[in-house]
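Peer 1: Quick one: the structure is below, and I'll ask about it shortly.
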2 protein chains.
Amino acid sequence: MVDVKGIANPLFLREEELRQAIEMLFFAYRDFTGEPDAMLADLGLGRAHHRVIYFVGRNPGITVSELLKILRITKQSLSRVLSHLVEEGYIVQRPGERDRRQRLLTLTQKGVELERRLTANQRERIATAFRNAGAEAVQGFNLVLHGIIDPEDRRRFDVPGTGGPLGAARLKAGAGKR
Amino acid sequence: MVDVKGIANPLFLREEELRQAIEMLFFAYRDFTGEPDAMLADLGLGRAHHRVIYFVGRNPGITVSELLKILRITKQSLSRVLSHLVEEGYIVQRPGERDRRQRLLTLTQKGVELERRLTANQRERIATAFRNAGAEAVQGFNLVLHGIIDPEDRRRFDVPGTGGPLGAARLKAGAGKR
DNA sequence: CCCTTTACGTCAACCATGTTGACTTACTTT
DNA sequence: AAAGTAAGTCAACATGGTTGACGTAAAGGG
């Protein structure tokens with residue numbers, strides 16, 4: 001039991017490395033959401049509203065059930081937030097054409113503007129981190145984060161033409177291995 | 001205004017790249033916390049308890065105010081969670097030696113065991129992602145995540161001997177640039 | 001030695017956002 | 001026509017954040 005934490009013990013390094021990752025994920029998420037949360041609070045909205053606005057903006061015409069799958073919350077929980085956003089004029093609903101039971105969701109101009117303001121903050125934070133870390137690091141970041149996500153949702157990041165996840169990032173990483 | 005999304009437009013690629021990062025961060029965090037949350041629910045605990053247990057385990061003898069700085073919540077909010085954990089025997093408090101106003105927090109054996117179970121899950125998820133992505137990708141992941149964190153908390157990840165953040169990861173990345 | 005500051009705790013009220021369960025309406029599918 | 005599906009609604013409840021006010025004990029500076 002000598003040298004438990006010494007350099008000769010790979011298990012300690014591994015444990016330490018993994019704990020660092022756990023903590024960085026916590027701090028990064030905390031800070032990543034902090035500023036948008038403050039902006040939202042000024043408008044009487046919360047983080048839940050942000051998530052809805054983000055994913056509706058990203059997937060115009062998305063159905064309620066698709067949105068529920070992404071957010072992994074109940075429809076009752078979504079309902080409170082979504083109906084508020086509709087009442088306040090951030091989002092419009094229209095019936096689906098093929099299936100008229102569906103309510104297709106789209107941002108209004110007001111919604112688009114809010115989404116832009118909120119996302120600009122997050123984008124800027126990430127852009128700075130990307131710039132400082134360099135292109136290779138960004139690929140590594142994408143690859144690891146991709147692997148942390150549940151398999152069923154990884155395919156959201158597949159890029160159609162490339163036949164693999166994450167488009168060019170994956171192609172390049174894969175090339176280096178094979 | 002032709003070719004707005006075409007390959008000739010670097011702004012579109014950049015925007016898309018940043019949005020992918022935003023979304024991956026959301027999905028990764030969602031899935032990273034999902035399974036521990038379910039374990040905690042069986043014990044009548046929540047994610048807030050997990051965070052406290054984690055950081056007390058990681059920093060034995062931490063003071064309440066240090067913990068508050070990490071979590072960025074109010075003491076009233078922490079109090080509810082922390083006193084519950086003390087009552088249930090996961091954490092013990094003892095007065096500080098130099099400053100007897102302080103309550104130094106430490107996990108009990110019961111607390112250590114719970115912490116291990118919860119963290120094992122997250123560690124496994126990250127370890128798998130690390131293994132599949134490769135060592136270089138892990139360094140990139142660390143470097144980018146580090147850059148996303150607010151500067152005042154980045155130093156938590158500095159490694160004493162190396163004179164820079166993230167120990168070896170940073171040394172290697174820096175060597176390539178200079 | 002007093003006085004101020006600090007570390008921590010507590011009570012109370014409120015809010016955002018998640019849950020479960022039961023039920024309805026409208027539409028699609030078989 | 002019957003069954004299934006998409007969405008909404010009402011109600012009750014839990015967790016974990018917030019602000020504000022106040023209390024206690026210890027530390028530290030004049």
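Scheme for the structure tokens: letters A, B, ... for chains in order shown; per-chain residue numbers from 1; ligand numbers from 1 in order shown.
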Could you fit chain A onto chain B with a least-squares superposition over all C-alpha atoms, matched one to one in order, and give me the transformed chain as a compact mmCIF listing (two decimals) with C-alpha atoms, in the first residue's frame?
Peer 2:
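Saved to part_14.txt:
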```txt
# COMPACT_ATOMS: atom_id res chain seq x y z
CA MET A 1 -27.23 36.96 -50.96
CA VAL A 2 -26.53 33.84 -52.96
CA ASP A 3 -25.03 30.76 -51.35
CA VAL A 4 -25.98 31.82 -47.86
CA LYS A 5 -25.49 28.35 -46.43
CA GLY A 6 -22.95 27.14 -48.92
CA ILE A 7 -19.47 25.94 -48.23
CA ALA A 8 -18.12 29.31 -49.29
CA ASN A 9 -19.70 30.96 -46.28
CA PRO A 10 -17.54 30.56 -43.17
CA LEU A 11 -20.05 32.39 -40.97
CA PHE A 12 -22.60 29.70 -41.47
CA LEU A 13 -20.18 26.98 -40.53
CA ARG A 14 -19.20 28.88 -37.46
CA GLU A 15 -22.79 29.46 -36.43
CA GLU A 16 -23.62 25.82 -37.00
CA GLU A 17 -20.55 24.67 -35.12
CA LEU A 18 -21.41 26.81 -32.12
CA ARG A 19 -25.03 25.69 -32.07
CA GLN A 20 -23.91 22.10 -32.12
CA ALA A 21 -21.74 22.77 -29.12
CA ILE A 22 -24.60 24.43 -27.28
CA GLU A 23 -26.84 21.47 -27.92
CA MET A 24 -24.27 18.85 -27.07
CA LEU A 25 -23.67 20.61 -23.79
CA PHE A 26 -27.39 20.45 -23.07
CA PHE A 27 -27.75 16.78 -23.98
CA ALA A 28 -24.54 15.75 -22.27
CA TYR A 29 -25.50 17.45 -19.03
CA ARG A 30 -29.01 16.06 -19.19
CA ASP A 31 -27.71 12.51 -19.59
CA PHE A 32 -24.80 12.97 -17.23
CA THR A 33 -27.19 13.79 -14.39
CA GLY A 34 -30.06 11.50 -15.34
CA GLU A 35 -28.99 8.22 -13.80
CA PRO A 36 -27.65 9.62 -10.52
CA ASP A 37 -30.91 11.56 -10.20
CA ALA A 38 -32.83 8.30 -10.40
CA MET A 39 -30.64 6.67 -7.74
CA LEU A 40 -31.07 9.68 -5.48
CA ALA A 41 -34.83 9.65 -5.89
CA ASP A 42 -34.91 6.15 -4.40
CA LEU A 43 -33.33 7.56 -1.25
CA GLY A 44 -35.59 10.59 -1.09
CA LEU A 45 -32.74 12.85 -2.18
CA GLY A 46 -32.32 15.18 -5.14
CA ARG A 47 -29.63 16.59 -7.35
CA ALA A 48 -28.92 19.33 -4.86
CA HIS A 49 -27.96 16.71 -2.29
CA HIS A 50 -25.69 15.10 -4.83
CA ARG A 51 -23.82 18.32 -5.45
CA VAL A 52 -23.27 18.86 -1.74
CA ILE A 53 -22.14 15.29 -1.17
CA TYR A 54 -19.85 15.48 -4.16
CA PHE A 55 -18.05 18.67 -3.18
CA VAL A 56 -17.81 17.76 0.50
CA GLY A 57 -16.33 14.42 -0.50
CA ARG A 58 -13.93 16.14 -2.82
CA ASN A 59 -12.93 18.78 -0.26
CA PRO A 60 -13.05 17.19 3.19
CA GLY A 61 -13.28 19.82 5.91
CA ILE A 62 -14.67 22.43 3.54
CA THR A 63 -16.43 25.36 5.19
CA VAL A 64 -20.02 26.32 4.52
CA SER A 65 -19.04 29.55 2.84
CA GLU A 66 -16.57 27.82 0.54
CA LEU A 67 -19.30 25.43 -0.46
CA LEU A 68 -21.64 28.34 -1.13
CA LYS A 69 -19.08 29.89 -3.46
CA ILE A 70 -18.84 26.69 -5.46
CA LEU A 71 -22.56 26.07 -5.72
CA ARG A 72 -23.55 29.72 -6.19
CA ILE A 73 -26.74 29.37 -4.20
CA THR A 74 -27.92 31.12 -1.04
CA LYS A 75 -27.15 29.80 2.40
CA GLN A 76 -30.87 29.34 3.03
CA SER A 77 -31.08 27.08 0.05
CA LEU A 78 -28.01 25.13 1.05
CA SER A 79 -29.24 24.90 4.62
CA ARG A 80 -32.28 22.84 3.74
CA VAL A 81 -30.24 20.30 1.86
CA LEU A 82 -27.24 20.25 4.17
CA SER A 83 -29.17 19.89 7.41
CA HIS A 84 -31.06 17.03 5.87
CA LEU A 85 -27.80 15.31 4.98
CA VAL A 86 -26.49 15.85 8.49
CA GLU A 87 -29.68 14.49 10.06
CA GLU A 88 -29.55 11.44 7.83
CA GLY A 89 -25.95 10.81 8.78
CA TYR A 90 -24.26 11.44 5.44
CA ILE A 91 -22.24 14.42 6.63
CA VAL A 92 -20.74 15.54 9.93
CA GLN A 93 -19.94 19.08 11.00
CA ARG A 94 -17.15 20.06 13.37
CA PRO A 95 -16.03 23.52 14.45
CA GLY A 96 -12.95 24.93 12.79
CA GLU A 97 -9.81 24.88 14.90
CA ARG A 98 -8.37 28.24 13.98
CA ASP A 99 -11.80 29.87 13.60
CA ARG A 100 -14.42 28.24 15.75
CA ARG A 101 -17.29 29.97 13.96
CA GLN A 102 -16.74 27.77 10.97
CA ARG A 103 -18.44 24.42 10.52
CA LEU A 104 -16.10 22.11 8.70
CA LEU A 105 -17.94 19.53 6.66
CA THR A 106 -16.88 15.94 6.13
CA LEU A 107 -18.57 12.85 4.75
CA THR A 108 -19.34 9.98 7.11
CA GLN A 109 -18.73 6.43 6.00
CA LYS A 110 -22.34 6.34 4.86
CA GLY A 111 -21.75 9.53 2.92
CA VAL A 112 -18.61 8.20 1.33
CA GLU A 113 -20.46 5.10 0.20
CA LEU A 114 -23.27 7.06 -1.38
CA GLU A 115 -20.85 9.42 -3.05
CA ARG A 116 -19.00 6.48 -4.49
CA ARG A 117 -22.13 4.92 -5.91
CA LEU A 118 -23.31 8.15 -7.49
CA THR A 119 -19.97 9.16 -8.89
CA ALA A 120 -19.18 5.68 -10.16
CA ASN A 121 -22.00 6.06 -12.63
CA GLN A 122 -20.80 9.41 -13.92
CA ARG A 123 -17.20 8.31 -13.95
CA GLU A 124 -18.08 5.27 -16.00
CA ARG A 125 -19.95 7.36 -18.55
CA ILE A 126 -17.05 9.73 -18.92
CA ALA A 127 -14.44 7.00 -18.90
CA THR A 128 -16.17 5.30 -21.80
CA ALA A 129 -16.36 8.54 -23.73
CA PHE A 130 -12.68 9.20 -23.02
CA ARG A 131 -11.67 5.72 -24.07
CA ASN A 132 -13.54 5.93 -27.33
CA ALA A 133 -12.36 9.42 -28.16
CA GLY A 134 -8.68 8.92 -27.43
CA ALA A 135 -6.12 10.82 -25.37
CA GLU A 136 -5.77 13.77 -27.69
CA ALA A 137 -9.48 14.35 -27.77
CA VAL A 138 -9.55 14.26 -23.99
CA GLN A 139 -7.02 17.04 -23.84
CA GLY A 140 -9.06 19.08 -26.24
CA PHE A 141 -12.17 18.42 -24.21
CA ASN A 142 -10.46 19.60 -21.04
CA LEU A 143 -9.06 22.67 -22.68
CA VAL A 144 -12.35 23.83 -24.18
CA LEU A 145 -14.41 23.07 -21.10
CA HIS A 146 -11.85 24.95 -19.03
CA GLY A 147 -12.32 27.96 -21.27
CA ILE A 148 -16.08 27.91 -20.86
CA ILE A 149 -15.83 28.22 -17.09
CA ASP A 150 -15.79 31.69 -15.53
CA PRO A 151 -12.18 32.81 -15.02
CA GLU A 152 -12.49 33.02 -11.25
CA ASP A 153 -13.21 29.31 -11.04
CA ARG A 154 -10.70 28.14 -13.61
CA ARG A 155 -7.90 28.19 -11.10
CA ARG A 156 -9.57 25.30 -9.30
CA PHE A 157 -8.15 23.16 -12.07
CA ASP A 158 -4.64 24.49 -11.94
CA VAL A 159 -2.14 21.81 -11.06
CA PRO A 160 0.35 23.18 -8.51
CA GLY A 161 3.60 21.87 -10.02
CA THR A 162 2.93 22.77 -13.61
CA GLY A 163 2.48 26.51 -13.37
CA GLY A 164 -0.52 26.30 -15.68
CA PRO A 165 -4.03 24.99 -15.86
CA LEU A 166 -4.94 21.36 -16.33
CA GLY A 167 -1.49 20.06 -15.71
CA ALA A 168 0.01 18.00 -18.47
CA ALA A 169 -2.85 18.65 -20.87
CA ARG A 170 -2.06 22.31 -21.03
CA LEU A 171 1.67 21.83 -21.17
CA LYS A 172 1.35 19.59 -24.17
CA ALA A 173 -1.15 21.78 -25.97
CA GLY A 174 0.95 24.84 -25.28
CA ALA A 175 4.06 23.14 -26.60
CA GLY A 176 2.41 22.52 -29.91
CA LYS A 177 1.58 26.17 -30.37
CA ARG A 178 4.76 27.92 -29.42
```
Peer 1: For the contact check between chain C and chain A, emit one row per residue of chain C within 12 Å, containing the shortest atom pair and the distance in Å rounded to one decimal, counting only C-alpha atoms (C1' of nucleotides), chain then rising number order, as CSV.
Peer 2:
```
residue,atom,partner,partner_atom,distance
C:DC15,C1',A:Gly46,CA,10.6
C:DA16,C1',A:Gly46,CA,7.1
C:DT17,C1',A:Ser77,CA,7.2
C:DG18,C1',A:Ser77,CA,6.8
C:DT19,C1',A:Thr74,CA,8.2
C:DT20,C1',A:Thr74,CA,10.0
C:DG21,C1',A:Gln76,CA,11.4
C:DT25,C1',A:Arg101,CA,10.1
C:DA26,C1',A:Arg101,CA,6.7
C:DC27,C1',A:Arg101,CA,5.5
C:DT28,C1',A:Asp99,CA,7.6
C:DT29,C1',A:Asp99,CA,11.5
```
Peer 1: Only N, CA and C atoms (P, O5', C5', C4', C3', O3' and C1' of nucleotides), please: the residues just picked out, written as a PDB file, in the first residue's frame.
Peer 2:
```pdb
ATOM      1  P    DC C  15     -45.162  34.733  -5.821  1.00  0.00           P
ATOM      2  O5'  DC C  15     -44.047  34.006  -6.694  1.00  0.00           O
ATOM      3  C5'  DC C  15     -42.740  34.554  -6.764  1.00  0.00           C
ATOM      4  C4'  DC C  15     -41.865  33.579  -7.523  1.00  0.00           C
ATOM      5  C3'  DC C  15     -42.586  32.912  -8.688  1.00  0.00           C
ATOM      6  O3'  DC C  15     -41.726  32.966  -9.814  1.00  0.00           O
ATOM      7  C1'  DC C  15     -41.638  31.270  -7.284  1.00  0.00           C
ATOM      8  P    DA C  16     -42.322  32.656 -11.245  1.00  0.00           P
ATOM      9  O5'  DA C  16     -41.356  31.469 -11.666  1.00  0.00           O
ATOM     10  C5'  DA C  16     -39.993  31.550 -11.309  1.00  0.00           C
ATOM     11  C4'  DA C  16     -39.316  30.255 -11.701  1.00  0.00           C
ATOM     12  C3'  DA C  16     -39.876  29.590 -12.955  1.00  0.00           C
ATOM     13  O3'  DA C  16     -38.766  29.084 -13.667  1.00  0.00           O
ATOM     14  C1'  DA C  16     -40.122  28.118 -11.109  1.00  0.00           C
ATOM     15  P    DT C  17     -38.966  28.354 -15.043  1.00  0.00           P
ATOM     16  O5'  DT C  17     -39.140  26.854 -14.575  1.00  0.00           O
ATOM     17  C5'  DT C  17     -38.043  26.215 -13.981  1.00  0.00           C
ATOM     18  C4'  DT C  17     -38.462  24.837 -13.568  1.00  0.00           C
ATOM     19  C3'  DT C  17     -39.176  24.039 -14.676  1.00  0.00           C
ATOM     20  O3'  DT C  17     -38.555  22.795 -14.762  1.00  0.00           O
ATOM     21  C1'  DT C  17     -40.300  23.852 -12.664  1.00  0.00           C
ATOM     22  P    DG C  18     -38.482  21.991 -16.135  1.00  0.00           P
ATOM     23  O5'  DG C  18     -39.130  20.570 -15.766  1.00  0.00           O
ATOM     24  C5'  DG C  18     -38.372  19.563 -15.201  1.00  0.00           C
ATOM     25  C4'  DG C  18     -39.008  18.921 -13.984  1.00  0.00           C
ATOM     26  C3'  DG C  18     -40.158  17.928 -14.198  1.00  0.00           C
ATOM     27  O3'  DG C  18     -39.704  16.696 -14.699  1.00  0.00           O
ATOM     28  C1'  DG C  18     -40.475  19.191 -12.220  1.00  0.00           C
ATOM     29  P    DT C  19     -40.774  15.669 -15.344  1.00  0.00           P
ATOM     30  O5'  DT C  19     -41.574  15.113 -14.071  1.00  0.00           O
ATOM     31  C5'  DT C  19     -40.879  14.424 -13.041  1.00  0.00           C
ATOM     32  C4'  DT C  19     -41.865  14.047 -11.956  1.00  0.00           C
ATOM     33  C3'  DT C  19     -43.070  13.271 -12.451  1.00  0.00           C
ATOM     34  O3'  DT C  19     -42.776  11.890 -12.441  1.00  0.00           O
ATOM     35  C1'  DT C  19     -43.744  15.001 -10.959  1.00  0.00           C
ATOM     36  P    DT C  20     -43.707  10.882 -13.256  1.00  0.00           P
ATOM     37  O5'  DT C  20     -45.038  10.786 -12.345  1.00  0.00           O
ATOM     38  C5'  DT C  20     -44.967  10.457 -10.988  1.00  0.00           C
ATOM     39  C4'  DT C  20     -46.381  10.389 -10.433  1.00  0.00           C
ATOM     40  C3'  DT C  20     -47.330   9.518 -11.250  1.00  0.00           C
ATOM     41  O3'  DT C  20     -48.030   8.643 -10.365  1.00  0.00           O
ATOM     42  C1'  DT C  20     -48.227  11.711 -11.031  1.00  0.00           C
ATOM     43  P    DG C  21     -48.917   7.447 -10.954  1.00  0.00           P
ATOM     44  O5'  DG C  21     -50.332   8.166 -11.122  1.00  0.00           O
ATOM     45  C5'  DG C  21     -50.895   8.840 -10.023  1.00  0.00           C
ATOM     46  C4'  DG C  21     -52.266   9.358 -10.403  1.00  0.00           C
ATOM     47  C3'  DG C  21     -52.998   8.509 -11.450  1.00  0.00           C
ATOM     48  O3'  DG C  21     -54.343   8.338 -11.026  1.00  0.00           O
ATOM     49  C1'  DG C  21     -52.933  10.761 -12.145  1.00  0.00           C
ATOM     50  P    DT C  25     -64.995  16.702 -24.001  1.00  0.00           P
ATOM     51  O5'  DT C  25     -64.009  17.024 -25.214  1.00  0.00           O
ATOM     52  C5'  DT C  25     -63.174  18.176 -25.157  1.00  0.00           C
ATOM     53  C4'  DT C  25     -62.328  18.193 -26.405  1.00  0.00           C
ATOM     54  C3'  DT C  25     -63.095  17.801 -27.669  1.00  0.00           C
ATOM     55  O3'  DT C  25     -62.929  18.844 -28.610  1.00  0.00           O
ATOM     56  C1'  DT C  25     -61.067  16.574 -27.491  1.00  0.00           C
ATOM     57  P    DA C  26     -63.687  18.813 -30.001  1.00  0.00           P
ATOM     58  O5'  DA C  26     -62.541  18.308 -30.982  1.00  0.00           O
ATOM     59  C5'  DA C  26     -61.317  19.046 -31.039  1.00  0.00           C
ATOM     60  C4'  DA C  26     -60.324  18.230 -31.835  1.00  0.00           C
ATOM     61  C3'  DA C  26     -60.869  17.766 -33.188  1.00  0.00           C
ATOM     62  O3'  DA C  26     -59.934  18.191 -34.168  1.00  0.00           O
ATOM     63  C1'  DA C  26     -59.897  15.959 -32.021  1.00  0.00           C
ATOM     64  P    DC C  27     -60.338  18.210 -35.677  1.00  0.00           P
ATOM     65  O5'  DC C  27     -59.553  16.932 -36.239  1.00  0.00           O
ATOM     66  C5'  DC C  27     -58.123  16.942 -36.109  1.00  0.00           C
ATOM     67  C4'  DC C  27     -57.629  15.517 -36.106  1.00  0.00           C
ATOM     68  C3'  DC C  27     -57.918  14.728 -37.382  1.00  0.00           C
ATOM     69  O3'  DC C  27     -56.723  14.717 -38.165  1.00  0.00           O
ATOM     70  C1'  DC C  27     -58.081  13.410 -35.396  1.00  0.00           C
ATOM     71  P    DT C  28     -56.620  13.929 -39.503  1.00  0.00           P
ATOM     72  O5'  DT C  28     -56.126  12.487 -39.002  1.00  0.00           O
ATOM     73  C5'  DT C  28     -54.963  12.402 -38.198  1.00  0.00           C
ATOM     74  C4'  DT C  28     -54.550  10.948 -38.011  1.00  0.00           C
ATOM     75  C3'  DT C  28     -54.557  10.103 -39.289  1.00  0.00           C
ATOM     76  O3'  DT C  28     -53.371   9.317 -39.249  1.00  0.00           O
ATOM     77  C1'  DT C  28     -55.949   9.094 -37.641  1.00  0.00           C
ATOM     78  P    DT C  29     -52.974   8.342 -40.431  1.00  0.00           P
ATOM     79  O5'  DT C  29     -53.310   6.903 -39.842  1.00  0.00           O
ATOM     80  C5'  DT C  29     -52.947   6.599 -38.505  1.00  0.00           C
ATOM     81  C4'  DT C  29     -53.491   5.223 -38.144  1.00  0.00           C
ATOM     82  C3'  DT C  29     -53.480   4.212 -39.297  1.00  0.00           C
ATOM     83  O3'  DT C  29     -53.018   2.988 -38.766  1.00  0.00           O
ATOM     84  C1'  DT C  29     -55.656   4.360 -38.382  1.00  0.00           C
TER      85       DT C  29
END
```
Peer 1: Check range 16-175 of chain A with DSSP on the backbone and list each residue it calls strand (DSSP E or B), as a ChimeraX atom specification.
Peer 2: /A:62,91-95,103-107,158-159,164-165
Peer 1: What does the structure give for the distance between C1' of DA25 in chain D and C1' of DA13 in chain C, in Å to one decimal?
Peer 2: 27.3 Å
Peer 1: Give me, as a PyMOL selection string, the contact residues of chain D against chain B at a cut-off of 8 Å, counting only C-alpha atoms (C1' of nucleotides).
Peer 2: chain D and resi 15-17+25-27
Peer 1: Tell me, which residues of chain B carry DSSP helix (DSSP H, G or I), written as a ChimeraX atom specification?
Peer 2: /B:10-42,47-58,64-71,75-87,109-133,135-148,151-157,160-162,168-177
Peer 1: C1' of DT9 in chain D and C1' of DC14 in chain C, how far apart in Å?
Peer 2: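 Taking C1' of DC14 in chain C as the start and C1' of DT9 in chain D as the end point, the length is 24.8 Å.
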Peer 1: Between C1' of DG29 in chain D and C1' of DT10 in chain C, what is the distance, to one decimal in Å?
Peer 2: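 If I compute the distance from C1' of DG29 in chain D to C1' of DT10 in chain C, I get 29.0 Å.
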